[in-house]
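A.B. asks: Compact mmCIF, C-alpha atoms and all ligand atoms, file structure_20.txt:
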```txt
# COMPACT_ATOMS: atom_id res chain seq x y z
CA MET A 1 73.45 57.50 0.51
CA ARG A 2 76.52 59.53 1.37
CA ILE A 3 78.92 57.63 3.62
CA GLN A 4 80.22 59.57 6.59
CA PRO A 5 83.64 58.65 7.96
CA PRO A 6 83.45 57.26 11.50
CA PHE A 7 85.87 59.85 12.92
CA SER A 8 86.61 63.55 13.09
CA THR A 9 88.77 65.24 10.48
CA VAL A 10 89.67 68.37 12.43
CA ALA A 11 93.44 68.92 12.49
CA GLN A 12 94.81 69.85 15.92
CA ASP A 13 97.63 69.05 18.34
CA THR A 14 97.19 65.57 19.81
CA THR A 15 98.78 64.20 22.98
CA CYS A 16 100.76 60.94 22.79
CA ALA A 17 99.05 58.50 25.18
CA HIS A 18 102.46 57.25 26.36
CA CYS A 19 104.93 60.15 26.63
CA ARG A 20 102.30 62.94 26.75
CA ARG A 21 104.08 64.96 24.06
CA ARG A 22 101.75 67.13 21.99
CA SER A 23 102.07 67.51 18.24
CA ARG A 24 100.06 68.02 15.11
CA LEU A 25 101.92 65.04 13.67
CA ILE A 26 100.33 62.59 16.12
CA SER A 27 97.13 61.05 14.82
CA ARG A 28 94.21 60.73 17.20
CA GLY A 29 93.22 57.45 15.56
CA LEU A 30 96.46 55.89 16.82
CA GLY A 31 97.17 58.24 19.72
CA LEU A 32 100.92 57.50 19.86
CA CYS A 33 104.01 59.31 18.62
CA LEU A 34 106.67 57.74 16.40
CA ASP A 35 109.35 57.80 19.14
CA CYS A 36 107.22 55.78 21.56
CA ILE A 37 106.34 53.21 18.89
CA ARG A 38 110.00 52.77 17.94
CA GLY A 39 111.47 53.07 21.42
CA ASP A 40 108.97 51.58 23.86
CA PHE A 41 106.99 49.15 21.75
CA GLU A 42 106.13 46.53 24.39
CA ALA A 43 104.66 49.23 26.61
CA VAL A 44 102.52 50.76 23.85
CA LEU A 45 101.43 47.49 22.20
CA PRO A 46 98.16 47.18 24.19
CA HIS A 47 97.28 50.72 23.10
CA ILE A 48 98.03 49.83 19.46
CA GLU A 49 95.86 46.71 19.63
CA LYS A 50 93.02 48.70 21.18
CA ALA A 51 93.26 51.37 18.47
CA HIS A 52 92.92 48.76 15.75
CA SER A 53 90.07 46.93 17.46
CA GLN A 54 88.21 50.21 17.82
CA ALA A 55 88.88 51.09 14.19
CA ARG A 56 87.41 47.79 13.01
CA ALA A 57 84.37 47.61 15.26
CA PRO A 58 82.16 49.99 13.18
CA PHE A 59 82.62 47.61 10.24
CA HIS A 60 81.88 44.47 12.29
CA LEU A 61 85.38 43.14 11.66
CA PRO A 62 87.31 41.21 14.35
CA GLY A 63 90.06 43.15 16.10
CA GLN A 64 92.60 40.34 15.68
CA PRO A 65 92.82 37.32 13.34
CA PRO A 66 90.81 34.51 15.00
CA GLN A 67 93.06 31.73 16.29
CA ASP A 68 90.78 28.96 17.50
CA GLU A 69 93.01 25.85 17.62
CA THR A 70 90.35 23.50 16.28
CA GLY A 71 88.67 26.07 14.03
CA ALA A 72 88.28 26.12 10.24
CA ALA A 73 91.60 27.33 8.80
CA CYS A 74 92.43 29.64 5.91
CA ARG A 75 96.04 29.98 4.75
CA LEU A 76 95.57 32.46 1.92
CA CYS A 77 97.34 35.31 3.71
CA VAL A 78 99.71 36.04 6.55
CA ASN A 79 96.87 36.14 9.09
CA GLU A 80 96.23 32.38 8.90
CA CYS A 81 92.79 32.67 10.49
CA GLN A 82 91.33 29.73 12.40
CA MET A 83 87.66 30.34 13.00
CA ALA A 84 85.47 28.73 15.63
CA PRO A 85 81.90 27.96 14.51
CA GLY A 86 80.12 31.24 13.76
CA GLN A 87 83.32 33.29 13.83
CA LYS A 88 84.23 35.72 11.05
CA SER A 89 87.70 35.96 9.47
CA TYR A 90 89.97 38.98 9.85
CA CYS A 91 89.31 40.07 6.26
CA GLY A 92 85.57 39.57 6.83
CA LEU A 93 85.23 37.35 3.77
CA ARG A 94 85.00 33.96 5.43
CA THR A 95 83.13 32.28 8.26
CA ASN A 96 83.00 28.90 9.88
CA GLU A 97 79.57 27.46 9.22
CA GLY A 98 79.05 24.07 10.79
CA GLY A 99 82.77 23.34 10.70
CA LYS A 100 83.16 24.35 7.05
CA LEU A 101 84.95 27.37 5.70
CA MET A 102 82.37 29.43 3.79
CA GLY A 103 82.52 32.70 1.89
CA ALA A 104 84.88 33.97 -0.81
CA SER A 105 86.46 31.36 -3.07
CA ALA A 106 88.07 30.97 -6.50
CA ASP A 107 84.66 31.46 -8.00
CA ARG A 108 82.99 33.90 -5.59
CA GLY A 109 84.54 37.29 -5.09
CA ARG A 110 83.61 40.56 -3.43
CA VAL A 111 84.81 42.74 -6.25
CA SER A 112 83.92 45.65 -8.50
CA TRP A 113 85.69 47.18 -11.50
CA TYR A 114 85.88 50.17 -13.80
CA TYR A 115 87.67 51.18 -16.98
CA ASP A 116 90.51 53.62 -16.55
CA PRO A 117 91.73 55.36 -19.74
CA LEU A 118 95.49 54.94 -20.32
CA PRO A 119 97.88 56.40 -19.44
CA THR A 120 96.47 56.36 -15.93
CA ASN A 121 97.90 57.46 -12.59
CA CYS A 122 98.94 53.91 -11.75
CA VAL A 123 101.85 53.61 -9.29
CA ALA A 124 103.96 52.13 -12.11
CA ASP A 125 102.76 54.12 -15.14
CA TRP A 126 106.10 55.98 -15.36
CA VAL A 127 107.96 52.72 -16.10
CA CYS A 128 105.30 50.40 -17.58
CA PRO A 129 104.13 49.82 -21.17
CA ALA A 130 100.91 51.79 -20.62
CA GLY A 131 102.54 55.08 -19.75
CA SER A 132 106.05 54.94 -21.23
CA ASP A 133 108.02 53.38 -24.10
CA ALA A 134 108.80 50.29 -22.00
CA GLY A 135 108.11 46.85 -23.44
CA TYR A 136 107.27 47.97 -26.99
CA PRO A 137 106.38 46.17 -29.26
CA ARG A 138 106.07 42.81 -27.48
CA PHE A 139 104.06 44.03 -24.50
CA SER A 140 102.71 47.41 -25.60
CA TYR A 141 100.35 48.69 -28.29
CA SER A 142 102.37 51.86 -28.65
CA SER A 143 105.97 53.10 -28.51
CA GLY A 144 104.74 55.77 -26.05
CA PRO A 145 101.69 56.01 -23.80
CA GLU A 146 98.85 53.75 -24.92
CA TYR A 147 96.28 56.42 -25.79
CA GLY A 148 92.91 54.95 -26.76
CA TYR A 149 93.33 51.88 -24.55
CA ARG A 150 92.09 51.21 -21.05
CA ASN A 151 93.08 49.55 -17.84
CA LEU A 152 90.52 47.25 -16.25
CA ALA A 153 90.87 48.39 -12.63
CA VAL A 154 89.67 45.56 -10.39
CA PHE A 155 88.86 46.57 -6.85
CA TYR A 156 88.80 43.72 -4.33
CA GLN A 157 86.61 44.77 -1.43
CA ALA A 158 88.45 43.31 1.54
CA CYS A 159 91.92 43.52 3.02
CA SER A 160 94.36 41.47 5.06
CA PHE A 161 95.76 44.60 6.78
CA ASP A 162 94.12 47.33 8.84
CA CYS A 163 95.95 50.49 7.81
CA LEU A 164 94.68 53.41 9.86
CA PHE A 165 95.52 55.75 6.95
CA CYS A 166 93.68 53.61 4.36
CA GLN A 167 93.29 55.66 1.19
CA ASN A 168 90.42 53.44 -0.04
CA TRP A 169 88.61 52.79 3.23
CA HIS A 170 85.09 52.88 1.74
CA PHE A 171 85.34 49.25 0.72
CA ARG A 172 84.68 48.31 4.35
CA TYR A 173 81.09 49.48 3.84
CA ASP A 174 80.76 48.46 0.22
CA ALA A 175 81.91 44.88 0.88
CA THR A 176 78.87 44.12 2.98
CA ARG A 177 76.50 45.52 0.34
CA ALA A 178 77.95 44.01 -2.82
CA GLY A 179 76.93 40.55 -3.99
CA TRP A 180 79.24 37.78 -5.07
CA VAL A 181 80.83 37.96 -8.52
CA SER A 182 82.16 34.95 -10.40
CA ALA A 183 85.67 34.86 -11.88
CA ALA A 184 84.09 34.23 -15.29
CA SER A 185 81.99 37.44 -15.08
CA LEU A 186 85.07 39.42 -14.19
CA ALA A 187 87.05 37.90 -17.07
CA ARG A 188 84.27 38.86 -19.48
CA ALA A 189 84.72 42.53 -18.54
CA VAL A 190 87.89 42.57 -20.66
CA ASN A 191 87.16 44.02 -24.08
CA GLN A 192 89.18 44.87 -27.20
CA ARG A 193 90.34 48.22 -25.77
CA THR A 194 91.60 46.66 -22.52
CA ALA A 195 95.41 46.63 -22.51
CA CYS A 196 95.95 45.71 -18.86
CA ILE A 197 94.16 44.40 -15.80
CA CYS A 198 95.21 45.72 -12.39
CA TYR A 199 94.05 43.97 -9.23
CA PHE A 200 94.00 46.24 -6.19
CA GLY A 201 91.51 47.21 -3.47
CA GLY A 202 91.42 46.73 -0.45
CA ASP A 203 93.95 44.15 -1.41
CA PRO A 204 93.88 41.18 -3.75
CA SER A 205 95.64 38.96 -1.14
CA PRO A 206 92.51 37.51 0.53
CA GLN A 207 90.98 36.78 -2.90
CA MET A 208 93.98 35.59 -4.89
CA PRO A 209 92.37 32.32 -6.07
CA HIS A 210 89.56 34.40 -7.63
CA ALA A 211 91.97 36.85 -9.28
CA LEU A 212 94.17 34.05 -10.60
CA ARG A 213 91.20 32.24 -12.10
CA ALA A 214 89.85 35.44 -13.68
CA SER A 215 93.32 36.22 -15.11
CA ARG A 216 93.68 32.80 -16.68
CA LEU A 217 90.22 32.99 -18.23
CA ALA A 218 90.84 36.51 -19.56
CA LEU A 219 94.18 35.47 -21.10
CA GLU A 220 92.55 32.42 -22.66
CA HIS A 221 89.78 34.57 -24.22
CA ASN A 222 92.31 37.11 -25.51
CA GLN A 223 95.02 34.93 -27.00
CA GLY A 224 97.11 36.51 -29.73
CA ARG A 225 96.92 40.06 -28.41
CA ILE A 226 98.48 42.09 -25.60
CA LEU A 227 96.76 41.85 -22.20
CA ARG A 228 99.00 42.58 -19.23
CA ILE A 229 98.21 41.22 -15.77
CA CYS A 230 99.27 43.55 -12.91
CA TRP A 231 98.87 43.58 -9.15
CA GLU A 232 99.00 46.32 -6.54
CA THR A 233 99.33 44.69 -3.16
CA ASN A 234 100.49 44.80 0.44
CA GLY A 235 102.28 41.52 -0.36
CA SER A 236 100.72 39.49 2.46
CA MET A 237 99.46 36.53 0.42
CA HIS A 238 100.72 32.96 0.71
CA PRO A 239 104.00 32.68 -1.26
CA SER A 240 102.59 29.93 -3.52
CA LEU A 241 99.86 32.36 -4.65
CA LEU A 242 102.39 35.10 -5.21
CA ARG A 243 104.45 32.80 -7.45
CA GLN A 244 101.40 32.16 -9.64
CA ALA A 245 100.65 35.88 -9.83
CA VAL A 246 104.24 36.76 -10.75
CA GLU A 247 104.33 34.07 -13.44
CA LEU A 248 101.18 35.48 -15.06
CA SER A 249 102.65 39.00 -14.98
CA LEU A 250 105.98 37.80 -16.31
CA LYS A 251 104.45 36.18 -19.38
CA SER A 252 101.89 38.90 -20.09
CA GLY A 253 104.20 41.94 -19.70
CA GLY A 254 102.57 43.08 -16.46
CA CYS A 255 104.06 43.86 -13.08
CA ILE A 256 103.59 43.41 -9.37
CA LYS A 257 103.56 46.59 -7.32
CA PHE A 258 104.41 46.11 -3.66
CA ASP A 259 103.23 48.70 -1.21
CA LEU A 260 106.03 48.72 1.40
CA LYS A 261 104.36 50.69 4.15
CA ALA A 262 107.14 50.94 6.75
CA TRP A 263 110.58 49.44 7.37
CA ASN A 264 110.46 49.15 11.16
CA PRO A 265 108.21 46.12 11.89
CA ARG A 266 106.93 47.79 15.06
CA LEU A 267 105.82 50.87 13.19
CA HIS A 268 104.33 48.65 10.50
CA ARG A 269 102.30 46.86 13.16
CA ALA A 270 101.19 50.14 14.70
CA LEU A 271 100.04 51.58 11.37
CA CYS A 272 98.73 48.47 9.63
CA GLY A 273 97.82 46.05 12.42
CA MET A 274 100.36 43.48 11.12
CA GLY A 275 104.11 43.12 10.84
CA ASN A 276 105.93 43.38 7.49
CA GLU A 277 107.93 40.13 7.52
CA ARG A 278 105.74 38.25 5.01
CA THR A 279 105.65 41.27 2.69
CA LEU A 280 109.44 41.56 2.62
CA GLU A 281 109.89 37.81 2.08
CA ASN A 282 107.40 37.95 -0.79
CA PHE A 283 109.16 40.96 -2.30
CA ARG A 284 112.42 38.96 -2.37
CA LEU A 285 110.58 36.03 -3.88
CA ALA A 286 109.08 38.11 -6.70
CA ALA A 287 112.46 39.71 -7.35
CA GLN A 288 113.95 36.28 -8.08
CA TYR A 289 112.16 36.48 -11.44
CA LEU A 290 113.63 39.86 -12.45
CA SER A 291 116.39 38.50 -14.67
CA GLN A 292 113.83 36.59 -16.77
CA ARG A 293 112.34 39.86 -18.06
CA PRO A 294 114.27 43.04 -17.37
CA ASP A 295 111.97 45.19 -19.57
CA PRO A 296 109.32 46.26 -18.68
CA PRO A 297 110.10 46.11 -14.91
CA LEU A 298 108.40 43.13 -13.26
CA VAL A 299 108.59 44.42 -9.67
CA VAL A 300 107.86 47.98 -8.53
CA ALA A 301 107.82 49.34 -4.96
CA SER A 302 105.95 52.22 -3.41
CA THR A 303 105.64 53.86 0.01
CA LEU A 304 103.04 56.31 1.27
CA LEU A 305 104.72 59.18 3.13
CA VAL A 306 102.48 59.38 6.20
CA PRO A 307 103.33 62.62 8.09
CA GLY A 308 104.74 62.06 11.56
CA TYR A 309 105.24 58.33 11.01
CA VAL A 310 106.82 57.31 7.68
CA ASP A 311 109.91 59.51 7.80
CA GLU A 312 113.30 59.49 6.05
CA GLU A 313 114.57 56.73 8.35
CA GLU A 314 111.77 54.42 7.22
CA VAL A 315 112.33 55.25 3.56
CA ALA A 316 116.10 54.73 3.88
CA GLY A 317 115.54 51.27 5.41
CA ILE A 318 113.16 50.24 2.63
CA ALA A 319 115.43 51.70 -0.07
CA ALA A 320 118.51 49.87 1.28
CA PHE A 321 116.53 46.61 1.26
CA ILE A 322 115.45 47.14 -2.37
CA ALA A 323 118.87 48.34 -3.52
CA GLN A 324 120.54 45.28 -2.08
CA ILE A 325 118.22 43.11 -4.23
CA ASP A 326 118.49 45.26 -7.38
CA PRO A 327 119.16 49.04 -7.51
CA ASP A 328 117.14 49.33 -10.73
CA ILE A 329 113.82 48.34 -9.13
CA PRO A 330 111.59 51.43 -9.52
CA TYR A 331 110.49 53.00 -6.23
CA ALA A 332 107.61 55.52 -6.00
CA LEU A 333 107.16 57.75 -2.94
CA LEU A 334 103.52 58.72 -2.65
CA ALA A 335 102.00 61.79 -1.08
CA PHE A 336 99.51 61.09 1.70
CA HIS A 337 96.07 62.61 1.66
CA PRO A 338 94.35 62.82 5.09
CA HIS A 339 91.98 59.86 5.28
CA PHE A 340 90.17 57.45 7.55
CA TYR A 341 91.54 57.26 11.12
CA MET A 342 94.43 59.53 10.14
CA ALA A 343 92.24 62.22 8.64
CA ASP A 344 93.54 64.68 11.25
CA LEU A 345 97.11 64.63 9.88
CA PRO A 346 98.23 67.18 7.26
CA PRO A 347 99.04 66.14 3.68
CA THR A 348 102.67 65.15 3.03
CA SER A 349 104.77 68.29 2.80
CA ARG A 350 107.06 69.10 -0.12
CA ARG A 351 110.05 69.10 2.24
CA HIS A 352 109.17 65.63 3.57
CA ALA A 353 108.86 64.23 0.03
CA VAL A 354 112.14 65.73 -1.16
CA GLU A 355 114.04 64.52 1.93
CA ALA A 356 112.56 61.05 1.50
CA GLN A 357 113.63 60.96 -2.14
CA LYS A 358 117.17 62.01 -1.18
CA ALA A 359 117.25 59.29 1.48
CA ALA A 360 116.20 56.65 -1.06
CA LEU A 361 118.74 57.79 -3.66
CA ALA A 362 121.47 57.80 -1.01
CA GLN A 363 120.92 54.06 -0.55
CA GLY A 364 121.87 53.46 -4.18
CA LEU A 365 118.46 53.19 -5.87
CA ARG A 366 118.58 54.57 -9.39
CA ARG A 367 114.87 55.03 -10.12
CA VAL A 368 113.04 56.95 -7.39
CA ARG A 369 110.07 59.14 -8.11
CA ILE A 370 107.73 61.31 -6.07
CA GLY A 371 104.17 60.49 -7.10
CA ASN A 372 100.90 62.39 -6.48
CA LEU A 373 102.74 65.73 -6.66
CA HIS A 374 99.42 67.59 -6.69
CA LEU A 375 98.69 66.34 -3.14
CA LEU A 376 101.85 67.80 -1.58
CA GLY A 377 101.36 70.55 0.98
CA ASP A 378 103.59 72.84 3.05
CA ALA A 379 102.08 72.49 6.52
CA TYR A 380 105.14 71.12 8.36
S1 LIG B 1 98.07 48.15 -14.65
FE1 LIG B 1 100.14 47.56 -15.26
S2 LIG B 1 100.37 48.03 -17.42
FE2 LIG B 1 98.47 49.02 -16.67
S3 LIG B 1 99.07 51.10 -16.14
FE3 LIG B 1 99.31 49.92 -14.27
S4 LIG B 1 101.40 49.08 -14.29
FE4 LIG B 1 100.94 49.87 -16.30
S1 LIG B 2 92.51 35.63 3.53
FE1 LIG B 2 91.08 36.34 5.11
S2 LIG B 2 90.32 34.45 6.02
FE2 LIG B 2 92.16 33.90 4.92
S3 LIG B 2 93.83 34.06 6.40
FE3 LIG B 2 93.72 36.02 5.36
S4 LIG B 2 92.40 37.30 6.65
FE4 LIG B 2 92.07 35.17 7.26
```
Using structure tokens, write down the structure that the file contains.
C.D. replies:
Amino acid sequence: MRIQPPFSTVAQDTTCAHCRRRSRLISRGLGLCLDCIRGDFEAVLPHIEKAHSQARAPFHLPGQPPQDETGAACRLCVNECQMAPGQKSYCGLRTNEGGKLMGASADRGRVSWYYDPLPTNCVADWVCPAGSDAGYPRFSYSSGPEYGYRNLAVFYQACSFDCLFCQNWHFRYDATRAGWVSAASLARAVNQRTACICYFGGDPSPQMPHALRASRLALEHNQGRILRICWETNGSMHPSLLRQAVELSLKSGGCIKFDLKAWNPRLHRALCGMGNERTLENFRLAAQYLSQRPDPPLVVASTLLVPGYVDEEEVAGIAAFIAQIDPDIPYALLAFHPHFYMADLPPTSRRHAVEAQKAALAQGLRRVRIGNLHLLGDAY
């Protein structure tokens, strides 16, 4: 069955619900302009919360993380859900059944996977052993791109955020259809041509115990050969889980790719439903390991250039934060493709991408790249 998006994709001028300005760079799914989000946040917050609740309703997901004081608690991600009996978690993976937390666990995951021939269009392929000469020979099968090998791309079908521009939004439907998969089954998907595993989604954060167990099993079954463990994440998991993930990547030659979606926490909340404080703390934490393995890069950052919202000011803030930690951390700026509740925005323009790259370089970063060049447009 073909899945229809629950919104219109017709591009047109939209009126900001707060200041009444009209622009093509205001998304109907959010209904607010960037200036109002930055400048009058308290006033527009109820509108933001309503937009997210409405965006989640078609998928039967709660509008806000449940916070019942005596409810069953999960601490796996920043949302720290506390569910009353019968209530569903923010990520949709857990419920309180008779006072017990039920649902996803270290051995039950909502997950699917596929084999992606290397070099792939991974956010980090330009600096990692699969797509470049980095890490050879200890962590790579080849002194250049690893032709003939594959990435096991592991798609976790749930998320701790609610990004209105989600580029992989279909998982919200798929998650309810898929059955549970054990960590052992996932680990067995690694074969002799698998050079790396990348956990993404959705996001791996709500299912980190499952991903960690699968990683350990896969490494155990593949001792004596290269198998890199990588993560692509919004960085919202509990810091103790992040530490375990980083340690597996460190030893195996893999990396952790943080999607830093906005610098201004208010804008981050408006776009993603959550603030960015945990993500930034976790980024710092992962970066503490950088000196233990400078090559290939252990930490990589990326930002999606959402037209009308993620502008040069956002990119400059993120870039200054990264540069202050280490100016050699690779930073990829990604072109946005109209999707989900922001399907009415244009694709990122060439001018926007170039200005964003200049802004990042001006903050002292030495490795900044524009990714997804083929998606760039010229509409604004
Ligand atoms: S998963 Fe890791 S090693 Fe594989 S292509 Fe992506 S960054 Fe490179
Ligand atoms: S992982 Fe899911 S259930 Fe746990 S705190 Fe996060 S959103 Fe809530």
A.B. asks: Can you build me a table of chain A residues sitting at most 7 Å from ligand LIG 2 (chain B), with the closest atom pair per residue and its distance in Å to one decimal, using only C-alpha atoms and all ligand atoms, sorted by chain and residue number, as a tab-separated table?
C.D. replies:
```
residue	atom	partner	partner_atom	distance
A:Pro65	CA	B:LIG2	FE4	6.5
A:Cys74	CA	B:LIG2	FE2	4.4
A:Arg75	CA	B:LIG2	S3	4.9
A:Leu76	CA	B:LIG2	S1	4.7
A:Cys77	CA	B:LIG2	FE3	4.0
A:Val78	CA	B:LIG2	FE3	6.1
A:Asn79	CA	B:LIG2	S3	4.6
A:Glu80	CA	B:LIG2	S3	3.9
A:Cys81	CA	B:LIG2	FE4	4.1
A:Ser89	CA	B:LIG2	S2	4.6
A:Tyr90	CA	B:LIG2	S4	4.4
A:Cys91	CA	B:LIG2	S4	4.2
A:Gly92	CA	B:LIG2	FE1	6.6
A:Leu93	CA	B:LIG2	FE1	6.1
A:Arg94	CA	B:LIG2	S2	5.4
A:Ser160	CA	B:LIG2	S4	4.9
A:Ser205	CA	B:LIG2	S1	6.5
A:Pro206	CA	B:LIG2	S1	3.5
A:Gln207	CA	B:LIG2	S1	6.7
```
A.B. asks: Using only C-alpha atoms and all ligand atoms, find each protein or nucleic acid residue lying at most 10 Å from ligand LIG 1 (chain B); present the set as a PDB file with C-alpha atoms, keeping the file's coordinate frame.
C.D. replies:
```pdb
ATOM      1  CA  ASP A 116      90.510  53.620 -16.550  1.00  0.00           C
ATOM      2  CA  PRO A 117      91.730  55.360 -19.740  1.00  0.00           C
ATOM      3  CA  LEU A 118      95.490  54.940 -20.320  1.00  0.00           C
ATOM      4  CA  PRO A 119      97.880  56.400 -19.440  1.00  0.00           C
ATOM      5  CA  THR A 120      96.470  56.360 -15.930  1.00  0.00           C
ATOM      6  CA  ASN A 121      97.900  57.460 -12.590  1.00  0.00           C
ATOM      7  CA  CYS A 122      98.940  53.910 -11.750  1.00  0.00           C
ATOM      8  CA  VAL A 123     101.850  53.610  -9.290  1.00  0.00           C
ATOM      9  CA  ALA A 124     103.960  52.130 -12.110  1.00  0.00           C
ATOM     10  CA  ASP A 125     102.760  54.120 -15.140  1.00  0.00           C
ATOM     11  CA  TRP A 126     106.100  55.980 -15.360  1.00  0.00           C
ATOM     12  CA  VAL A 127     107.960  52.720 -16.100  1.00  0.00           C
ATOM     13  CA  CYS A 128     105.300  50.400 -17.580  1.00  0.00           C
ATOM     14  CA  PRO A 129     104.130  49.820 -21.170  1.00  0.00           C
ATOM     15  CA  ALA A 130     100.910  51.790 -20.620  1.00  0.00           C
ATOM     16  CA  GLY A 131     102.540  55.080 -19.750  1.00  0.00           C
ATOM     17  CA  SER A 132     106.050  54.940 -21.230  1.00  0.00           C
ATOM     18  CA  ALA A 134     108.800  50.290 -22.000  1.00  0.00           C
ATOM     19  CA  GLY A 135     108.110  46.850 -23.440  1.00  0.00           C
ATOM     20  CA  PHE A 139     104.060  44.030 -24.500  1.00  0.00           C
ATOM     21  CA  SER A 140     102.710  47.410 -25.600  1.00  0.00           C
ATOM     22  CA  PRO A 145     101.690  56.010 -23.800  1.00  0.00           C
ATOM     23  CA  GLU A 146      98.850  53.750 -24.920  1.00  0.00           C
ATOM     24  CA  TYR A 149      93.330  51.880 -24.550  1.00  0.00           C
ATOM     25  CA  ARG A 150      92.090  51.210 -21.050  1.00  0.00           C
ATOM     26  CA  ASN A 151      93.080  49.550 -17.840  1.00  0.00           C
ATOM     27  CA  LEU A 152      90.520  47.250 -16.250  1.00  0.00           C
ATOM     28  CA  ALA A 153      90.870  48.390 -12.630  1.00  0.00           C
ATOM     29  CA  VAL A 154      89.670  45.560 -10.390  1.00  0.00           C
ATOM     30  CA  THR A 194      91.600  46.660 -22.520  1.00  0.00           C
ATOM     31  CA  ALA A 195      95.410  46.630 -22.510  1.00  0.00           C
ATOM     32  CA  CYS A 196      95.950  45.710 -18.860  1.00  0.00           C
ATOM     33  CA  ILE A 197      94.160  44.400 -15.800  1.00  0.00           C
ATOM     34  CA  CYS A 198      95.210  45.720 -12.390  1.00  0.00           C
ATOM     35  CA  TYR A 199      94.050  43.970  -9.230  1.00  0.00           C
ATOM     36  CA  PHE A 200      94.000  46.240  -6.190  1.00  0.00           C
ATOM     37  CA  LEU A 227      96.760  41.850 -22.200  1.00  0.00           C
ATOM     38  CA  ARG A 228      99.000  42.580 -19.230  1.00  0.00           C
ATOM     39  CA  ILE A 229      98.210  41.220 -15.770  1.00  0.00           C
ATOM     40  CA  CYS A 230      99.270  43.550 -12.910  1.00  0.00           C
ATOM     41  CA  TRP A 231      98.870  43.580  -9.150  1.00  0.00           C
ATOM     42  CA  GLU A 232      99.000  46.320  -6.540  1.00  0.00           C
ATOM     43  CA  SER A 249     102.650  39.000 -14.980  1.00  0.00           C
ATOM     44  CA  SER A 252     101.890  38.900 -20.090  1.00  0.00           C
ATOM     45  CA  GLY A 253     104.200  41.940 -19.700  1.00  0.00           C
ATOM     46  CA  GLY A 254     102.570  43.080 -16.460  1.00  0.00           C
ATOM     47  CA  CYS A 255     104.060  43.860 -13.080  1.00  0.00           C
ATOM     48  CA  ILE A 256     103.590  43.410  -9.370  1.00  0.00           C
ATOM     49  CA  LYS A 257     103.560  46.590  -7.320  1.00  0.00           C
ATOM     50  CA  PRO A 296     109.320  46.260 -18.680  1.00  0.00           C
ATOM     51  CA  PRO A 297     110.100  46.110 -14.910  1.00  0.00           C
ATOM     52  CA  LEU A 298     108.400  43.130 -13.260  1.00  0.00           C
ATOM     53  CA  VAL A 299     108.590  44.420  -9.670  1.00  0.00           C
ATOM     54  CA  VAL A 300     107.860  47.980  -8.530  1.00  0.00           C
TER      55      VAL A 300
END
```
A.B. asks: Have a look at CA of Ser105 in chain A and CA of Asn191 in chain A and let me know their distance in Å, one decimal.
C.D. replies: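 Distance between the two atoms: 24.5 Å.
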A.B. asks: Choose the residue, out of A:Asn222, A:Gln292, A:Ser53, A:Thr70, that has the smallest atom-to-atom separation from Cys163 in chain A; count only C-alpha atoms.
C.D. replies: A:Ser53
A.B. asks: Could I get the residues of range 231-285 of chain A with an atom no further than 12 Å from an atom of range 12-36 of chain A, each paired with its nearest atom pair and that distance in Å to one decimal, using all atoms listed in the file, sorted by chain and residue number, as a Markdown table?
C.D. replies:
```
| residue | atom | partner | partner_atom | distance |
| --- | --- | --- | --- | --- |
| A:Ala262 | CA | A:Leu34 | CA | 11.8 |
| A:Asn264 | CA | A:Leu34 | CA | 10.8 |
| A:Arg266 | CA | A:Leu34 | CA | 10.0 |
| A:Leu267 | CA | A:Leu34 | CA | 7.6 |
| A:His268 | CA | A:Leu34 | CA | 11.1 |
| A:Arg269 | CA | A:Leu30 | CA | 11.4 |
| A:Ala270 | CA | A:Leu30 | CA | 7.7 |
| A:Leu271 | CA | A:Leu30 | CA | 7.8 |
| A:Cys272 | CA | A:Leu30 | CA | 10.6 |
| A:Gly273 | CA | A:Leu30 | CA | 10.9 |
```
A.B. asks: Provide the CA of Arg366 in chain A to CA of Ala320 in chain A distance in Å, to one decimal place.
C.D. replies: 11.7 Å
A.B. asks: Of the candidates A:Ala287, A:Val246, A:Ala353, A:Val10, which shows the shortest atom-to-atom distance to Ile329 in chain A, using only C-alpha atoms?
C.D. replies: A:Ala287
A.B. asks: Can you tell me, as a VMD selection string, what residues are no more than 7 Å from Ala335 in chain A when counting all atoms listed in the file, ignoring any on the same chain fewer than 3 positions away?
C.D. replies: chain A and resid 304 to 305 348 371 to 373 375 to 376
A.B. asks: Could you name the residues that touch Gly201 in chain A at 8 Å or less, counting all atoms listed in the file, but leaving out those on the same chain fewer than 4 positions away, as a PyMOL selection string?
C.D. replies: chain A and resi 154-159+168+171
A.B. asks: Now that the selection is made, can you save its residues with C-alpha atoms as a PDB file, in the frame of the given file?
C.D. replies:
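The result, stored in part01.pdb:
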```
ATOM      1  CA  VAL A 154      89.670  45.560 -10.390  1.00  0.00           C
ATOM      2  CA  PHE A 155      88.860  46.570  -6.850  1.00  0.00           C
ATOM      3  CA  TYR A 156      88.800  43.720  -4.330  1.00  0.00           C
ATOM      4  CA  GLN A 157      86.610  44.770  -1.430  1.00  0.00           C
ATOM      5  CA  ALA A 158      88.450  43.310   1.540  1.00  0.00           C
ATOM      6  CA  CYS A 159      91.920  43.520   3.020  1.00  0.00           C
ATOM      7  CA  ASN A 168      90.420  53.440  -0.040  1.00  0.00           C
ATOM      8  CA  PHE A 171      85.340  49.250   0.720  1.00  0.00           C
TER       9      PHE A 171
END
```
A.B. asks: Would you compute the distance between CA of Asp295 in chain A and CA of Tyr331 in chain A? Give it in Å to one decimal.
C.D. replies: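 For CA of Asp295 in chain A relative to CA of Tyr331 in chain A, the distance reads 15.5 Å.
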A.B. asks: Please determine the residues with any atom at most 12 Å from (111.5, 34.2, -3.6) (coordinates as given in the file, with only C-alpha atoms counting) and report them as an NGL selection string.
C.D. replies: :A and (238-244 or 246 or 278-290 or 325)
